[in-house]
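A.B. asks: Sharing final_21.cif below, mmCIF, C-alpha atoms:
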```cif
data_start
loop_
_atom_site.label_atom_id
_atom_site.label_comp_id
_atom_site.auth_asym_id
_atom_site.auth_seq_id
_atom_site.Cartn_x
_atom_site.Cartn_y
_atom_site.Cartn_z
CA MET M 1 0.00 0.00 0.00
CA ASN M 2 1.39 3.41 -1.03
CA ASP M 3 2.00 5.71 1.96
CA VAL M 4 3.38 8.60 -0.10
CA LEU M 5 1.61 11.97 -0.33
CA ALA M 6 2.28 14.37 -3.18
CA ILE M 7 2.38 18.08 -2.28
CA THR M 8 1.29 20.00 -5.37
CA GLY M 9 1.01 23.48 -3.88
CA TRP M 10 1.36 25.33 -0.61
CA GLY M 11 0.57 28.61 1.04
CA VAL M 12 2.04 30.43 4.02
CA LEU M 13 0.84 33.45 5.95
CA THR M 14 3.34 34.88 8.44
CA SER M 15 4.96 38.21 9.21
CA THR M 16 8.07 36.75 7.55
CA GLY M 17 6.34 36.39 4.21
CA THR M 18 2.98 35.82 2.53
CA GLY M 19 2.65 33.06 -0.03
CA ALA M 20 5.12 30.35 -0.96
CA ASP M 21 7.37 32.54 -3.10
CA GLU M 22 7.67 35.45 -0.66
CA PHE M 23 8.06 33.20 2.36
CA GLY M 24 10.56 31.03 0.49
CA ALA M 25 12.72 34.02 -0.42
CA ALA M 26 12.66 35.25 3.19
CA VAL M 27 13.73 31.84 4.51
CA ARG M 28 16.56 31.52 1.99
CA ASP M 29 17.75 35.05 2.81
CA GLY M 30 17.37 34.58 6.56
CA ARG M 31 14.96 37.52 6.95
CA GLY M 32 12.84 37.43 10.09
CA GLY M 33 9.42 38.95 10.65
CA LEU M 34 9.83 40.74 13.99
CA VAL M 35 7.66 43.89 14.04
CA ASP M 36 6.41 46.54 16.47
CA VAL M 37 3.08 45.47 17.99
CA GLU M 38 2.52 48.31 20.46
CA GLY M 39 -1.02 49.61 20.08
CA ALA M 40 -1.78 47.18 17.26
CA PHE M 41 -4.04 44.85 19.28
CA ASP M 42 -6.88 45.38 21.74
CA GLY M 43 -5.48 44.84 25.23
CA ASP M 44 -2.12 45.13 26.93
CA LEU M 45 0.77 43.07 25.59
CA PRO M 46 3.81 41.76 27.49
CA VAL M 47 6.19 42.67 24.66
CA ALA M 48 6.73 45.56 22.28
CA LYS M 49 7.79 43.38 19.34
CA ALA M 50 6.53 40.07 17.98
CA CYS M 51 6.35 38.11 14.75
CA ALA M 52 2.73 39.10 14.26
CA LEU M 53 0.70 40.10 11.22
CA VAL M 54 -0.01 43.69 12.19
CA GLY M 55 -2.89 45.09 10.14
CA PHE M 56 -3.96 41.69 8.84
CA HIS M 57 -7.52 41.55 7.45
CA ALA M 58 -8.97 38.56 5.63
CA LYS M 59 -10.94 40.87 3.33
CA GLU M 60 -7.70 41.96 1.66
CA PHE M 61 -7.31 38.42 0.33
CA LEU M 62 -10.91 37.20 0.09
CA GLY M 63 -13.06 40.31 -0.26
CA ARG M 64 -15.54 41.75 2.25
CA LYS M 65 -18.38 39.28 1.82
CA GLY M 66 -18.51 36.68 4.58
CA THR M 67 -15.38 37.83 6.43
CA ALA M 68 -16.77 40.38 8.90
CA PHE M 69 -17.30 37.99 11.82
CA LEU M 70 -14.33 35.65 11.36
CA ASP M 71 -12.08 35.26 14.38
CA ARG M 72 -8.36 35.71 13.76
CA SER M 73 -7.49 32.01 13.87
CA THR M 74 -10.18 31.15 11.33
CA ALA M 75 -9.14 34.04 9.10
CA LEU M 76 -5.51 32.90 9.13
CA GLY M 77 -6.50 29.34 8.26
CA LEU M 78 -8.92 30.43 5.56
CA VAL M 79 -6.34 32.66 3.88
CA GLY M 80 -3.71 29.93 4.19
CA CYS M 81 -6.02 27.58 2.26
CA HIS M 82 -6.71 30.31 -0.30
CA LEU M 83 -2.98 30.82 -0.88
CA ALA M 84 -2.34 27.07 -1.14
CA LEU M 85 -5.02 26.60 -3.79
CA ALA M 86 -3.64 29.58 -5.71
CA ASP M 87 -0.27 27.80 -5.79
CA THR M 88 -1.51 24.55 -7.39
CA ASP M 89 -3.02 23.46 -10.69
CA LEU M 90 -5.68 21.51 -8.80
CA VAL M 91 -9.07 23.09 -9.47
CA ILE M 92 -11.92 22.30 -7.08
CA ASP M 93 -15.13 21.72 -9.04
CA ASP M 94 -18.27 19.58 -8.99
CA ALA M 95 -16.33 16.65 -10.43
CA ASN M 96 -13.91 16.33 -7.52
CA ARG M 97 -15.12 18.34 -4.51
CA ASP M 98 -16.54 15.19 -2.84
CA ARG M 99 -13.03 13.67 -2.96
CA VAL M 100 -11.13 16.66 -1.54
CA GLY M 101 -11.04 17.14 2.23
CA ILE M 102 -9.36 19.35 4.79
CA VAL M 103 -7.24 18.64 7.87
CA LEU M 104 -6.05 21.55 10.03
CA GLY M 105 -3.95 21.39 13.17
CA THR M 106 -4.46 23.68 16.16
CA THR M 107 -3.62 24.07 19.82
CA ALA M 108 -7.12 24.87 21.08
CA GLY M 109 -8.74 26.94 18.35
CA SER M 110 -9.00 30.67 18.99
CA LEU M 111 -8.29 31.35 22.65
CA LYS M 112 -9.34 34.97 22.21
CA ALA M 113 -12.68 34.07 20.62
CA THR M 114 -13.46 31.61 23.39
CA SER M 115 -12.43 34.03 26.14
CA ASP M 116 -14.30 36.98 24.63
CA TYR M 117 -17.49 34.97 24.19
CA SER M 118 -17.30 33.65 27.76
CA ARG M 119 -16.77 37.19 29.05
CA GLU M 120 -19.82 38.43 27.14
CA THR M 121 -22.03 35.93 28.96
CA LEU M 122 -20.95 37.55 32.22
CA VAL M 123 -21.08 41.26 31.37
CA GLN M 124 -24.11 41.55 29.07
CA LYS M 125 -27.49 42.37 30.53
CA LYS M 126 -29.86 39.49 31.21
CA PRO M 127 -31.04 37.40 29.48
CA TYR M 128 -27.43 37.33 28.36
CA GLN M 129 -27.69 39.21 25.09
CA VAL M 130 -24.59 37.76 23.46
CA ASN M 131 -24.27 38.01 19.69
CA PRO M 132 -24.95 34.43 18.46
CA VAL M 133 -22.88 35.08 15.33
CA LEU M 134 -19.76 34.95 17.52
CA PHE M 135 -20.44 31.46 18.90
CA PRO M 136 -19.12 29.43 15.92
CA ASN M 137 -15.69 31.01 16.47
CA THR M 138 -15.41 29.38 19.90
CA VAL M 139 -15.16 25.80 18.64
CA MET M 140 -11.81 24.27 17.69
CA ASN M 141 -12.90 23.23 14.22
CA ALA M 142 -14.02 26.73 13.20
CA ALA M 143 -11.07 27.25 10.84
CA ALA M 144 -11.45 23.89 9.10
CA GLY M 145 -15.23 24.21 8.88
CA GLN M 146 -15.20 27.73 7.47
CA SER M 147 -12.41 26.87 5.02
CA ALA M 148 -14.37 23.88 3.72
CA ILE M 149 -17.51 26.00 3.33
CA TRP M 150 -15.61 28.81 1.62
CA HIS M 151 -13.89 26.52 -0.89
CA LYS M 152 -16.86 24.12 -1.17
CA LEU M 153 -14.91 21.06 -0.08
CA LYS M 154 -17.15 18.08 0.67
CA GLY M 155 -14.54 15.48 1.57
CA VAL M 156 -13.45 14.52 5.09
CA ASN M 157 -13.22 17.53 7.40
CA ALA M 158 -10.97 17.14 10.46
CA THR M 159 -9.30 19.26 13.11
CA VAL M 160 -6.32 17.89 15.02
CA ALA M 161 -5.49 19.48 18.38
CA GLY M 162 -1.81 18.63 18.74
CA GLY M 163 0.08 21.69 19.97
CA GLN M 164 3.66 21.61 18.73
CA LEU M 165 3.00 18.38 16.83
CA ALA M 166 -0.22 19.58 15.19
CA GLY M 167 1.34 20.04 11.75
CA LEU M 168 2.89 16.57 11.67
CA ASN M 169 -0.25 15.03 13.14
CA ALA M 170 -2.30 16.65 10.37
CA LEU M 171 0.01 15.24 7.68
CA ARG M 172 -0.17 11.78 9.22
CA TYR M 173 -3.95 11.96 9.43
CA ALA M 174 -4.17 13.04 5.79
CA ARG M 175 -1.85 10.21 4.74
CA ASN M 176 -4.21 7.73 6.35
CA LEU M 177 -7.21 9.31 4.62
CA VAL M 178 -5.56 8.99 1.21
CA ARG M 179 -4.18 5.48 1.71
CA ARG M 180 -7.63 4.25 2.80
CA ASP M 181 -9.19 5.91 -0.25
CA TYR M 182 -11.47 8.24 1.70
CA VAL M 183 -10.18 11.18 -0.35
CA ASP M 184 -7.98 11.79 -3.39
CA GLY M 185 -6.52 14.93 -1.85
CA ALA M 186 -6.84 17.47 0.94
CA LEU M 187 -5.81 20.85 2.23
CA VAL M 188 -3.53 20.04 5.14
CA GLY M 189 -1.79 22.39 7.55
CA ALA M 190 -1.96 24.18 10.86
CA VAL M 191 -2.74 27.61 12.27
CA GLU M 192 -1.97 29.72 15.35
CA GLU M 193 -3.10 33.26 16.09
CA PHE M 194 -1.45 36.13 17.97
CA SER M 195 -3.56 37.91 20.57
CA PRO M 196 -3.04 39.36 24.05
CA HIS M 197 -4.22 36.01 25.41
CA THR M 198 -1.67 33.90 23.54
CA ALA M 199 1.02 36.57 23.93
CA TRP M 200 0.78 36.60 27.74
CA GLY M 201 0.55 32.82 28.00
CA THR M 202 3.54 32.31 25.72
CA HIS M 203 5.53 35.09 27.39
CA ASN M 204 5.07 33.59 30.85
CA LEU M 205 6.00 30.13 29.59
CA HIS M 206 9.05 31.51 27.78
CA GLN M 207 10.26 33.18 30.97
CA GLN M 208 10.11 29.86 32.79
CA LEU M 209 11.91 27.96 30.02
CA GLY M 210 14.35 30.68 28.99
CA VAL M 211 13.12 30.73 25.40
CA GLN M 212 14.87 33.27 23.18
CA VAL M 213 12.56 33.55 20.17
CA PRO M 214 9.65 36.02 20.09
CA VAL M 215 5.95 35.15 20.00
CA GLY M 216 4.63 34.54 16.49
CA GLU M 217 1.55 33.60 14.52
CA GLY M 218 0.66 32.27 11.12
CA SER M 219 -0.67 29.44 9.02
CA ALA M 220 0.85 27.01 6.55
CA VAL M 221 -1.34 24.86 4.32
CA PHE M 222 -0.37 22.23 1.75
CA VAL M 223 -2.36 20.76 -1.12
CA VAL M 224 -1.68 17.03 -0.73
CA GLU M 225 -2.83 14.43 -3.20
CA ASN M 226 -2.71 10.77 -3.99
CA PRO M 227 0.43 10.75 -6.18
CA ASP M 228 -1.26 8.55 -8.82
CA VAL M 229 -4.19 10.97 -9.09
CA ALA M 230 -1.87 13.96 -9.36
CA LYS M 231 0.27 12.24 -12.01
CA ALA M 232 -2.77 11.23 -14.06
CA ALA M 233 -3.88 14.89 -14.04
CA GLY M 234 -0.42 16.05 -15.16
CA ARG M 235 0.46 17.79 -11.90
CA THR M 236 4.13 17.72 -10.93
CA PRO M 237 4.70 17.62 -7.16
CA ASP M 238 6.67 20.19 -5.20
CA ALA M 239 7.43 17.46 -2.71
CA GLU M 240 6.59 13.96 -1.58
CA VAL M 241 5.81 13.16 2.04
CA LEU M 242 7.45 9.75 2.32
CA ALA M 243 6.73 8.98 5.97
CA VAL M 244 5.40 10.50 9.21
CA GLU M 245 5.98 8.89 12.60
CA ILE M 246 4.56 10.06 15.95
CA GLY M 247 5.23 8.75 19.45
CA TYR M 248 5.03 9.52 23.16
CA PHE M 249 8.10 9.02 25.34
CA ALA M 250 7.75 10.84 28.65
CA ASP M 251 10.72 9.07 30.26
CA ASP M 252 13.29 9.64 27.49
CA ALA M 253 12.02 11.92 24.72
CA ALA M 254 15.45 12.20 23.07
CA ALA M 255 15.64 8.44 22.59
CA GLY M 256 12.00 8.44 21.51
CA LEU M 257 12.65 11.08 18.87
CA ALA M 258 15.64 9.13 17.58
CA LEU M 259 13.40 6.06 17.29
CA CYS M 260 10.75 8.05 15.41
CA VAL M 261 13.36 9.40 12.98
CA MET M 262 14.74 5.89 12.37
CA ARG M 263 11.26 4.47 11.85
CA ALA M 264 10.37 7.25 9.44
CA LEU M 265 13.57 6.76 7.43
CA GLU M 266 13.00 3.01 7.31
CA ARG M 267 9.40 3.43 6.16
CA ALA M 268 10.57 5.92 3.52
CA GLY M 269 13.39 3.63 2.35
CA VAL M 270 15.96 6.37 2.93
CA ASP M 271 19.42 6.05 4.41
CA ALA M 272 20.36 8.55 7.13
CA ALA M 273 23.45 9.52 5.13
CA ASP M 274 21.22 10.76 2.28
CA VAL M 275 19.40 13.37 4.40
CA TRP M 276 20.55 16.86 3.39
CA ALA M 277 18.85 18.87 6.18
CA VAL M 278 16.55 18.64 9.17
CA ALA M 279 14.01 21.34 10.04
CA THR M 280 13.73 21.36 13.81
CA GLY M 281 11.42 23.07 16.26
CA GLU M 282 14.29 24.47 18.32
CA ALA M 283 13.38 27.78 19.92
CA GLY M 284 16.16 28.58 22.37
CA ALA M 285 14.59 26.63 25.24
CA GLU M 286 17.52 24.67 26.62
CA PRO M 287 15.70 21.58 28.00
CA LEU M 288 13.53 20.96 24.92
CA ASP M 289 16.22 21.99 22.46
CA GLU M 290 18.65 19.52 24.03
CA VAL M 291 16.10 16.73 23.67
CA GLU M 292 15.56 17.53 20.00
CA SER M 293 19.23 18.14 19.27
CA HIS M 294 20.37 14.88 20.88
CA GLY M 295 17.60 12.90 19.22
CA VAL M 296 18.48 14.26 15.79
CA ALA M 297 22.25 13.98 16.22
CA SER M 298 22.09 10.36 17.35
CA VAL M 299 20.58 9.37 14.00
CA LEU M 300 21.61 12.06 11.51
CA GLY M 301 24.89 13.29 12.99
CA GLY M 302 25.87 16.85 12.12
CA VAL M 303 23.33 17.29 9.33
CA ARG M 304 22.40 20.86 8.41
CA ARG M 305 19.77 22.40 10.72
CA VAL M 306 16.96 24.67 9.55
CA ARG M 307 15.54 26.60 12.53
CA VAL M 308 12.51 28.42 11.17
CA LYS M 309 11.41 29.78 14.56
CA GLU M 310 14.36 32.16 14.45
CA LEU M 311 12.48 33.86 11.58
CA THR M 312 8.79 33.28 12.35
CA GLY M 313 8.84 33.26 16.14
CA GLU M 314 7.12 30.67 18.31
CA CYS M 315 3.97 29.74 16.39
CA HIS M 316 2.96 26.74 18.54
CA ALA M 317 0.55 24.58 16.50
CA ALA M 318 1.64 26.15 13.21
CA SER M 319 5.32 25.43 13.93
CA GLY M 320 5.54 21.96 12.38
CA ALA M 321 3.77 23.06 9.21
CA LEU M 322 6.07 26.08 8.95
CA GLN M 323 9.07 23.77 9.35
CA VAL M 324 7.83 21.74 6.37
CA ALA M 325 7.35 24.99 4.44
CA ALA M 326 10.89 26.08 5.30
CA LEU M 327 12.31 22.89 3.79
CA LEU M 328 10.20 23.36 0.66
CA ALA M 329 11.38 26.96 0.47
CA TYR M 330 14.95 25.79 -0.12
CA HIS M 331 13.84 23.26 -2.72
CA ARG M 332 11.66 25.78 -4.53
CA GLY M 333 14.61 28.00 -5.37
CA ASP M 334 17.44 25.48 -5.81
CA ARG M 335 17.46 22.88 -8.60
CA SER M 336 20.53 21.24 -7.12
CA LEU M 337 18.30 19.95 -4.30
CA ASP M 338 15.87 18.18 -6.63
CA GLY M 339 15.12 14.74 -5.27
CA ARG M 340 17.04 15.30 -2.05
CA VAL M 341 15.44 14.21 1.20
CA GLY M 342 14.93 16.31 4.32
CA VAL M 343 13.52 15.54 7.75
CA VAL M 344 11.17 17.54 9.98
CA THR M 345 11.23 16.92 13.73
CA SER M 346 9.04 18.13 16.56
CA VAL M 347 9.07 17.76 20.35
CA SER M 348 6.59 18.89 22.99
CA ALA M 349 7.15 19.43 26.69
CA ASP M 350 4.91 16.48 27.61
CA GLY M 351 7.07 13.93 25.78
CA ALA M 352 5.29 13.78 22.43
CA VAL M 353 7.72 13.52 19.50
CA GLY M 354 7.38 13.28 15.75
CA ALA M 355 9.34 13.09 12.51
CA ALA M 356 8.48 13.40 8.82
CA VAL M 357 10.60 12.50 5.79
CA ILE M 358 10.10 14.72 2.75
CA ARG M 359 11.61 14.65 -0.76
CA GLY M 360 11.49 18.04 -2.46
CA TYR M 361 11.72 19.47 -5.96
CA SER M 362 12.16 22.92 -7.48
CA ARG M 363 9.57 24.90 -9.40
CA ALA M 364 10.20 25.55 -13.10
#
```
Would you mind giving the structure from this file in structure tokens?
C.D. replies:
Amino acid sequence: MNDVLAITGWGVLTSTGTGADEFGAAVRDGRGGLVDVEGAFDGDLPVAKACALVGFHAKEFLGRKGTAFLDRSTALGLVGCHLALADTDLVIDDANRDRVGIVLGTTAGSLKATSDYSRETLVQKKPYQVNPVLFPNTVMNAAAGQSAIWHKLKGVNATVAGGQLAGLNALRYARNLVRRDYVDGALVGAVEEFSPHTAWGTHNLHQQLGVQVPVGEGSAVFVVENPDVAKAAGRTPDAEVLAVEIGYFADDAAAGLALCVMRALERAGVDAADVWAVATGEAGAEPLDEVESHGVASVLGGVRRVRVKELTGECHAASGALQVAALLAYHRGDRSLDGRVGVVTSVSADGAVGAAVIRGYSRA
């Protein structure tokens, strides 16, 4: 049974760059997206600078209709899907929309939308005159649901709450959907918003862990397809997801990560010596970074590291998807990397670990 996924287009929305081409150029040039956020958001912030999309409005990408009541997380996911579809030759129509699904990773949906709605139930006059239009934003699958409605996707619709591993979990879930013939393709990625709520929570956590990177936000979405379906339609892949392995190793996460990397390489039929780079989730937090660094080094040695959080900031659930995008960014602009294999790794503080093996190609 074929486990491979073909990536035939992708979209990114971060302060570092919008769209695959702009984001790819920023990654290759090492340009970060740190900006001034003072006064840009409702509520006090713990920092003056962050990797946030100041002035972001979904209507600038999608038009005014239907975007007025979108929460930020949903808007980021929706635009990410829009950018991904604009980057592929796959056209969603009545002939295929039943066979195209969506899988988005998240931490817990929009924390701001949930908090604001809960607050309204306390401060509004009885009988609790809360705007019902705001309620759909409080559920974790708001981004996936709205994106499917917007793009008229009728295939499997799923939301994966996986924190740091959300992006890899989403890819693994999509692989299973395709291999079991539930769908021919899907929009797959992850999203994380910036708000005073997430900024304060991340800032306090970073102080405890000694994290050096700023708070970030963004979305990264990939158009993944059954490689046979894509080939039959004449679509050339940007990349192939050869394997995704996930595990939980609370006692020794470094050894667990090493095991996941080895399993992924074995499933992909790739030798460790043939890996040209690994995109890690390292963020300057010594305990977690040591786990990831040791786990990677024990299998891949001194292979080149791509640390995308240095450019995008800490994007939590979107991190893994952005790591995949960072690898594809190098492939997109460098023909010498055609057919080379990279690895994406992820580690969470609770002992969850994951690894993906990806073969990339350049764009003509």
A.B. asks: If the PyMOL selection byres ((chain M and resi 92) around 12) is run on the structure shown, which residues does it catch, given as an mmCIF file with C-alpha atoms, in the frame of the given file?
C.D. replies:
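After the write, result-v9.cif holds the following:
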```cif
data_model
loop_
_atom_site.group_PDB
_atom_site.id
_atom_site.type_symbol
_atom_site.label_atom_id
_atom_site.label_comp_id
_atom_site.auth_asym_id
_atom_site.auth_seq_id
_atom_site.Cartn_x
_atom_site.Cartn_y
_atom_site.Cartn_z
ATOM 1 C CA HIS M 82 -6.710 30.310 -0.300
ATOM 2 C CA LEU M 85 -5.020 26.600 -3.790
ATOM 3 C CA ALA M 86 -3.640 29.580 -5.710
ATOM 4 C CA THR M 88 -1.510 24.550 -7.390
ATOM 5 C CA ASP M 89 -3.020 23.460 -10.690
ATOM 6 C CA LEU M 90 -5.680 21.510 -8.800
ATOM 7 C CA VAL M 91 -9.070 23.090 -9.470
ATOM 8 C CA ASP M 93 -15.130 21.720 -9.040
ATOM 9 C CA ASP M 94 -18.270 19.580 -8.990
ATOM 10 C CA ALA M 95 -16.330 16.650 -10.430
ATOM 11 C CA ASN M 96 -13.910 16.330 -7.520
ATOM 12 C CA ARG M 97 -15.120 18.340 -4.510
ATOM 13 C CA ASP M 98 -16.540 15.190 -2.840
ATOM 14 C CA ARG M 99 -13.030 13.670 -2.960
ATOM 15 C CA VAL M 100 -11.130 16.660 -1.540
ATOM 16 C CA GLY M 101 -11.040 17.140 2.230
ATOM 17 C CA ALA M 148 -14.370 23.880 3.720
ATOM 18 C CA TRP M 150 -15.610 28.810 1.620
ATOM 19 C CA HIS M 151 -13.890 26.520 -0.890
ATOM 20 C CA LYS M 152 -16.860 24.120 -1.170
ATOM 21 C CA LEU M 153 -14.910 21.060 -0.080
ATOM 22 C CA LYS M 154 -17.150 18.080 0.670
ATOM 23 C CA GLY M 155 -14.540 15.480 1.570
ATOM 24 C CA ASP M 184 -7.980 11.790 -3.390
ATOM 25 C CA GLY M 185 -6.520 14.930 -1.850
ATOM 26 C CA ALA M 186 -6.840 17.470 0.940
ATOM 27 C CA LEU M 187 -5.810 20.850 2.230
ATOM 28 C CA VAL M 223 -2.360 20.760 -1.120
#
```
A.B. asks: I would like the residues chosen by the PyMOL selection byres ((chain M and resi 245-252) around 8) on the shown file; could you give them as a PyMOL selection string?
C.D. replies: chain M and resi 168-169+172+243-244+253-257+260-261+263-264+350-356
A.B. asks: List the spatial neighbours of M:Val278 as number ranges by chain - criterion: any atom at most 9 Å away, only C-alpha atoms, same-chain residues fewer than 3 positions off excluded.
C.D. replies: M: 275, 296, 300, 303-307, 327, 342-345
A.B. asks: Could the residues in this selection be saved with C-alpha atoms as a CSV table (one decimal), in the coordinates of the input?
C.D. replies:
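The resulting file, result10.csv, is shown below:
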```
chain,number,residue,atom,x,y,z
M,275,VAL,CA,19.4,13.4,4.4
M,296,VAL,CA,18.5,14.3,15.8
M,300,LEU,CA,21.6,12.1,11.5
M,303,VAL,CA,23.3,17.3,9.3
M,304,ARG,CA,22.4,20.9,8.4
M,305,ARG,CA,19.8,22.4,10.7
M,306,VAL,CA,17.0,24.7,9.6
M,307,ARG,CA,15.5,26.6,12.5
M,327,LEU,CA,12.3,22.9,3.8
M,342,GLY,CA,14.9,16.3,4.3
M,343,VAL,CA,13.5,15.5,7.8
M,344,VAL,CA,11.2,17.5,10.0
M,345,THR,CA,11.2,16.9,13.7
```
A.B. asks: Can you measure atom CA of M:Gly216 to atom CA of M:Val12 for me? One decimal in Å is fine.
C.D. replies: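 Separating atom CA of M:Gly216 from atom CA of M:Val12 is a distance of 13.4 Å.
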A.B. asks: If you measure from atom CA of M:Thr67 to atom CA of M:Ala190, what distance in Å do you get, rounded to one decimal?
C.D. replies: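 We find that atom CA of M:Thr67 and atom CA of M:Ala190 lie 19.6 Å from each other.
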A.B. asks: Once the PyMOL selection byres ((chain M and resi 62-66) around 9) has been evaluated on this model, what residues remain selected, and can you format them as a ChimeraX atom specification?
C.D. replies: /M:58-61,67-70,78-79,82,150
A.B. asks: What gap, in Å, lies between atom CA of M:Val291 and atom CA of M:Ala268?
C.D. replies: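 Distance between the two atoms: 23.5 Å.
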A.B. asks: Which residue is closest to M:Val47? Choose from M:Val215, M:Leu242, M:Leu177, M:Ala158 and count only C-alpha atoms.
C.D. replies: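 Smallest distance to M:Val47 is found for M:Val215.
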